[in-house]
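Next comes entry-v4.cif, a file with mmCIF, N, CA and C atoms.
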```cif
data_model
loop_
_atom_site.label_atom_id
_atom_site.label_comp_id
_atom_site.auth_asym_id
_atom_site.auth_seq_id
_atom_site.Cartn_x
_atom_site.Cartn_y
_atom_site.Cartn_z
N MET A 4 5.74 9.62 -2.88
CA MET A 4 4.95 9.46 -4.06
C MET A 4 3.49 9.49 -3.67
N LYS A 5 2.72 10.33 -4.33
CA LYS A 5 1.28 10.42 -4.10
C LYS A 5 0.55 10.12 -5.40
N TRP A 6 -0.57 9.44 -5.26
CA TRP A 6 -1.39 9.10 -6.41
C TRP A 6 -2.83 9.32 -6.01
N LYS A 7 -3.58 10.03 -6.84
CA LYS A 7 -4.97 10.36 -6.53
C LYS A 7 -5.89 9.60 -7.48
N LEU A 8 -6.92 9.00 -6.90
CA LEU A 8 -7.94 8.31 -7.68
C LEU A 8 -9.29 8.71 -7.11
N GLY A 9 -9.98 9.59 -7.82
CA GLY A 9 -11.25 10.11 -7.30
C GLY A 9 -11.02 10.86 -6.02
N LYS A 10 -11.72 10.46 -4.95
CA LYS A 10 -11.58 11.11 -3.65
C LYS A 10 -10.47 10.47 -2.80
N ALA A 11 -9.91 9.37 -3.26
CA ALA A 11 -8.89 8.65 -2.49
C ALA A 11 -7.48 9.09 -2.91
N THR A 12 -6.59 9.03 -1.93
CA THR A 12 -5.18 9.36 -2.18
C THR A 12 -4.31 8.25 -1.60
N PHE A 13 -3.44 7.70 -2.45
CA PHE A 13 -2.47 6.70 -2.05
C PHE A 13 -1.13 7.40 -1.88
N GLU A 14 -0.47 7.19 -0.75
CA GLU A 14 0.84 7.79 -0.53
C GLU A 14 1.82 6.74 -0.04
N PHE A 15 2.98 6.69 -0.68
CA PHE A 15 4.07 5.80 -0.28
C PHE A 15 5.27 6.68 0.05
N ILE A 16 5.72 6.60 1.31
CA ILE A 16 6.84 7.41 1.76
C ILE A 16 8.08 6.52 1.78
N LYS A 17 8.86 6.63 0.74
CA LYS A 17 10.02 5.77 0.53
C LYS A 17 10.99 5.79 1.71
N ASP A 18 11.20 6.95 2.30
CA ASP A 18 12.15 7.07 3.42
C ASP A 18 11.70 6.32 4.67
N LYS A 19 10.41 6.10 4.83
CA LYS A 19 9.90 5.36 5.99
C LYS A 19 9.97 3.84 5.78
N CYS A 20 10.11 3.42 4.55
CA CYS A 20 10.11 2.00 4.22
C CYS A 20 11.45 1.38 4.62
N SER A 21 11.45 0.78 5.82
CA SER A 21 12.71 0.23 6.32
C SER A 21 12.53 -1.06 7.11
N CYS A 22 11.40 -1.71 7.00
CA CYS A 22 11.19 -2.93 7.79
C CYS A 22 11.96 -4.11 7.22
N GLY A 23 12.17 -4.14 5.92
CA GLY A 23 12.90 -5.23 5.29
C GLY A 23 12.13 -6.54 5.25
N LEU A 24 10.82 -6.50 5.49
CA LEU A 24 10.02 -7.71 5.56
C LEU A 24 9.20 -7.98 4.30
N GLY A 25 8.76 -6.95 3.64
CA GLY A 25 7.95 -7.12 2.43
C GLY A 25 6.53 -7.59 2.69
N ARG A 26 6.00 -7.26 3.85
CA ARG A 26 4.62 -7.66 4.18
C ARG A 26 3.61 -7.08 3.19
N CYS A 27 3.86 -5.87 2.74
CA CYS A 27 2.92 -5.23 1.81
C CYS A 27 2.89 -5.97 0.47
N VAL A 28 4.03 -6.49 0.06
CA VAL A 28 4.10 -7.25 -1.20
C VAL A 28 3.22 -8.49 -1.08
N GLU A 29 3.33 -9.18 0.05
CA GLU A 29 2.53 -10.38 0.29
C GLU A 29 1.04 -10.06 0.42
N ALA A 30 0.72 -8.93 1.04
CA ALA A 30 -0.67 -8.55 1.29
C ALA A 30 -1.38 -8.09 0.02
N CYS A 31 -0.63 -7.56 -0.92
CA CYS A 31 -1.23 -7.00 -2.13
C CYS A 31 -1.47 -8.08 -3.18
N GLY A 32 -2.72 -8.32 -3.46
CA GLY A 32 -3.08 -9.30 -4.48
C GLY A 32 -3.05 -8.75 -5.89
N GLN A 33 -2.73 -7.47 -6.03
CA GLN A 33 -2.76 -6.82 -7.33
C GLN A 33 -1.38 -6.64 -7.96
N GLY A 34 -0.32 -6.97 -7.24
CA GLY A 34 1.03 -6.84 -7.79
C GLY A 34 1.51 -5.41 -7.88
N VAL A 35 1.06 -4.58 -6.96
CA VAL A 35 1.44 -3.16 -6.96
C VAL A 35 2.90 -2.97 -6.54
N PHE A 36 3.38 -3.83 -5.65
CA PHE A 36 4.72 -3.68 -5.08
C PHE A 36 5.66 -4.80 -5.51
N ASP A 37 6.95 -4.49 -5.42
CA ASP A 37 7.99 -5.49 -5.61
C ASP A 37 8.99 -5.31 -4.47
N PHE A 38 9.57 -6.40 -4.00
CA PHE A 38 10.55 -6.34 -2.92
C PHE A 38 11.95 -6.38 -3.53
N LEU A 39 12.75 -5.38 -3.23
CA LEU A 39 14.13 -5.33 -3.71
C LEU A 39 15.03 -5.94 -2.65
N GLU A 40 15.78 -6.96 -3.03
CA GLU A 40 16.67 -7.63 -2.08
C GLU A 40 17.71 -6.68 -1.50
N LYS A 41 18.26 -5.85 -2.34
CA LYS A 41 19.23 -4.85 -1.87
C LYS A 41 18.73 -3.50 -2.35
N PRO A 42 18.42 -2.62 -1.47
CA PRO A 42 18.70 -2.52 -0.03
C PRO A 42 17.56 -2.98 0.85
N GLN A 43 16.86 -4.02 0.51
CA GLN A 43 15.70 -4.53 1.25
C GLN A 43 14.64 -3.44 1.43
N LYS A 44 14.19 -2.97 0.31
CA LYS A 44 13.15 -1.93 0.28
C LYS A 44 12.06 -2.37 -0.68
N ILE A 45 10.95 -1.67 -0.59
CA ILE A 45 9.81 -1.92 -1.46
C ILE A 45 9.83 -0.90 -2.60
N LYS A 46 9.45 -1.36 -3.76
CA LYS A 46 9.32 -0.48 -4.92
C LYS A 46 7.89 -0.60 -5.44
N VAL A 47 7.28 0.54 -5.72
CA VAL A 47 5.95 0.56 -6.32
C VAL A 47 6.16 0.35 -7.82
N VAL A 48 5.61 -0.75 -8.35
CA VAL A 48 5.86 -1.09 -9.74
C VAL A 48 4.63 -1.03 -10.63
N ASN A 49 3.42 -1.07 -10.05
CA ASN A 49 2.23 -1.13 -10.88
C ASN A 49 1.05 -0.47 -10.17
N LEU A 50 1.17 0.80 -9.89
CA LEU A 50 0.17 1.52 -9.11
C LEU A 50 -1.20 1.56 -9.77
N THR A 51 -1.25 1.47 -11.08
CA THR A 51 -2.55 1.49 -11.76
C THR A 51 -3.39 0.26 -11.44
N GLN A 52 -2.77 -0.77 -10.89
CA GLN A 52 -3.50 -1.98 -10.50
C GLN A 52 -4.10 -1.86 -9.10
N CYS A 53 -3.74 -0.82 -8.36
CA CYS A 53 -4.21 -0.65 -6.98
C CYS A 53 -5.73 -0.50 -6.95
N ILE A 54 -6.36 -1.28 -6.08
CA ILE A 54 -7.81 -1.20 -5.93
C ILE A 54 -8.19 -0.53 -4.60
N LEU A 55 -7.20 0.07 -3.94
CA LEU A 55 -7.40 0.82 -2.70
C LEU A 55 -8.05 -0.02 -1.61
N CYS A 56 -7.63 -1.28 -1.52
CA CYS A 56 -8.20 -2.18 -0.51
C CYS A 56 -7.60 -1.96 0.88
N ARG A 57 -6.49 -1.27 0.94
CA ARG A 57 -5.82 -0.89 2.18
C ARG A 57 -5.12 -2.04 2.90
N GLN A 58 -5.01 -3.19 2.28
CA GLN A 58 -4.34 -4.31 2.92
C GLN A 58 -2.86 -4.00 3.16
N CYS A 59 -2.21 -3.34 2.22
CA CYS A 59 -0.80 -2.98 2.37
C CYS A 59 -0.62 -2.00 3.53
N GLU A 60 -1.52 -1.05 3.63
CA GLU A 60 -1.47 -0.06 4.70
C GLU A 60 -1.60 -0.74 6.07
N GLU A 61 -2.49 -1.71 6.17
CA GLU A 61 -2.74 -2.38 7.44
C GLU A 61 -1.55 -3.19 7.93
N VAL A 62 -0.76 -3.75 7.02
CA VAL A 62 0.36 -4.61 7.45
C VAL A 62 1.70 -3.89 7.54
N CYS A 63 1.77 -2.64 7.11
CA CYS A 63 3.04 -1.91 7.11
C CYS A 63 3.40 -1.46 8.53
N PRO A 64 4.46 -2.05 9.12
CA PRO A 64 4.82 -1.69 10.49
C PRO A 64 5.44 -0.30 10.63
N LYS A 65 5.91 0.27 9.54
CA LYS A 65 6.56 1.58 9.57
C LYS A 65 5.64 2.71 9.11
N LYS A 66 4.41 2.38 8.75
CA LYS A 66 3.42 3.37 8.28
C LYS A 66 3.94 4.15 7.06
N ALA A 67 4.61 3.42 6.17
CA ALA A 67 5.15 4.04 4.96
C ALA A 67 4.08 4.16 3.88
N ILE A 68 2.96 3.46 4.07
CA ILE A 68 1.87 3.48 3.10
C ILE A 68 0.63 4.06 3.77
N SER A 69 0.01 5.00 3.09
CA SER A 69 -1.19 5.63 3.61
C SER A 69 -2.21 5.75 2.48
N ILE A 70 -3.43 5.37 2.77
CA ILE A 70 -4.51 5.51 1.80
C ILE A 70 -5.63 6.27 2.49
N GLN A 71 -5.90 7.44 2.01
CA GLN A 71 -6.92 8.31 2.60
C GLN A 71 -8.12 8.41 1.66
N GLY A 72 -9.30 8.43 2.23
CA GLY A 72 -10.52 8.65 1.44
C GLY A 72 -11.10 7.40 0.82
N ALA A 73 -10.48 6.24 1.04
CA ALA A 73 -11.01 4.99 0.52
C ALA A 73 -11.69 4.24 1.65
N LEU A 74 -12.60 3.37 1.31
CA LEU A 74 -13.26 2.56 2.31
C LEU A 74 -12.28 1.58 2.93
N THR A 75 -12.45 1.28 4.20
CA THR A 75 -11.65 0.24 4.84
C THR A 75 -12.32 -1.10 4.57
N MET A 76 -11.63 -2.20 4.85
CA MET A 76 -12.22 -3.52 4.68
C MET A 76 -13.42 -3.69 5.61
N GLN A 77 -13.35 -3.08 6.78
CA GLN A 77 -14.48 -3.13 7.71
C GLN A 77 -15.69 -2.41 7.11
N ASP A 78 -15.45 -1.25 6.47
CA ASP A 78 -16.54 -0.52 5.81
C ASP A 78 -17.20 -1.39 4.75
N ILE A 79 -16.38 -2.09 3.98
CA ILE A 79 -16.87 -2.92 2.89
C ILE A 79 -17.70 -4.08 3.46
N ARG A 80 -17.18 -4.70 4.52
CA ARG A 80 -17.90 -5.81 5.15
C ARG A 80 -19.24 -5.35 5.72
N MET A 81 -19.29 -4.11 6.21
CA MET A 81 -20.51 -3.58 6.81
C MET A 81 -21.47 -3.05 5.74
N GLY A 82 -21.05 -3.06 4.47
CA GLY A 82 -21.92 -2.63 3.39
C GLY A 82 -22.05 -1.13 3.22
N LYS A 83 -21.01 -0.39 3.60
CA LYS A 83 -21.06 1.08 3.48
C LYS A 83 -20.78 1.52 2.07
#
```
Translate the structure described by the file into structure tokens.
Amino acid sequence: MKWKLGKATFEFIKDKCSCGLGRCVEACGQGVFDFLEKPQKIKVVNLTQCILCRQCEEVCPKKAISIQGALTMQDIRMGK
């Protein structure tokens, strides 16, 4: 699944999502994801709430989430 917002692109690769931990759900303060108990996968439920903060991308051990063209948290802290 790909979603474009301006110059940024959010991509969630469902087949790579296999950690069973739900770290991205915990990291996302916007409620973009939901954790499904069976088969222990993540579901994107509210992508329009995504603020492209990249927190989900940073905690995903399987690299199933990719956000390109958005500022990183380090960029934001540095005032870019």
Problem - Nearest candidate to Thr12 in chain A (options A:Cys56, A:Val62, A:Val35, A:Ala73; using all atoms listed in the file) - result: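 Closest candidate: A:Ala73.
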Problem - Who sits within 6.5 Å of Val28 in chain A, all atoms listed in the file, same chain under 2 positions skipped, as a PyMOL selection string - result: chain A and resi 25-26+30-32+36-38+59
Exercise for the section: Find the distance between atom C of Asp18 in chain A and CA of Lys66 in chain A and write it in Å to one decimal. Expected result: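 Atom C of Asp18 in chain A sits 9.5 Å away from CA of Lys66 in chain A.
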Handout entry: Proximity to Cys27 in chain A - best of A:Leu50, A:Trp6, A:Gln43, A:Glu61, only N, CA and C atoms
Key =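 Selected residue with least distance to Cys27 in chain A: A:Glu61.
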Practice task
Tell me, as a PyMOL selection string, which residues lie within 8 Å of Lys17 in chain A, counting only N, CA and C atoms; anything in the same chain fewer than 5 positions away does not count.
Solution key: chain A and resi 4+45+67-68
Exercise for the section: For CA of Lys44 in chain A and CA of Ala11 in chain A, quote the distance in Å rounded to one decimal. Expected result: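 Interatomic distance here is 24.6 Å.
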Handout entry: Å distance separating CA of Gly9 in chain A from CA of Gly72 in chain A, one decimal place
Key =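 Distance between the two atoms: 8.9 Å.
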Practice task
Rank nothing, just name the residue among A:Glu40, A:Arg80, A:Gly23, A:Gln33 nearest to Cys53 in chain A, using all atoms listed in the file.
Solution key: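 The answer is A:Gln33, which sits nearest to Cys53 in chain A.
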Problem - For Gln58 in chain A, the nearest of the candidates A:Gln71, A:Glu29, A:Met81, A:Lys10, counting only C-alpha atoms - result: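 Answer, going by the shortest atom-to-atom distance: A:Glu29.
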Handout entry: All strand (DSSP E or B) positions in chain A, as a list in words
Key =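 Here is the list: Lys5, Trp6, Lys7, Leu8, Ala11, Thr12, Phe13, Glu14, Phe15, Phe36, Asp37, Phe38, Leu39, Lys44, Ile45, Lys46, Val47, Ile68, Ser69, Ile70 and Gln71 of chain A.
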Practice task
Would you mind writing down, as a ChimeraX atom specification, each residue of range 6-63 of chain A that DSSP on the backbone assigns to alpha helix (DSSP H)?
Solution key: /A:26-30,58-62
Please write out, as AutoDock Vina command-line options, where the centre of an axis-aligned box around all listed atoms of range 7-17 of chain A lies and how long its edges are, in Å to one decimal, after adding 5 Å on each side.
```
--center_x -0.4 --center_y 8.4 --center_z -3.0 --size_x 32.7 --size_y 15.3 --size_z 19.6
```
Handout entry: Nearest candidate to Cys20 in chain A (options A:Arg57, A:Lys65, A:Leu8, A:Thr51; using only N, CA and C atoms)
Key =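 Once distances to Cys20 in chain A are computed over only N, CA and C atoms, the minimum belongs to A:Lys65.
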Practice task
Find the spatial neighbours of Ser69 in chain A, counting only C-alpha atoms, within a cut-off of 6 Å - ignore same-chain residues fewer than 2 positions away - and output them as JSON, numbers by chain.
Solution key: {"A": [13, 14, 60]}
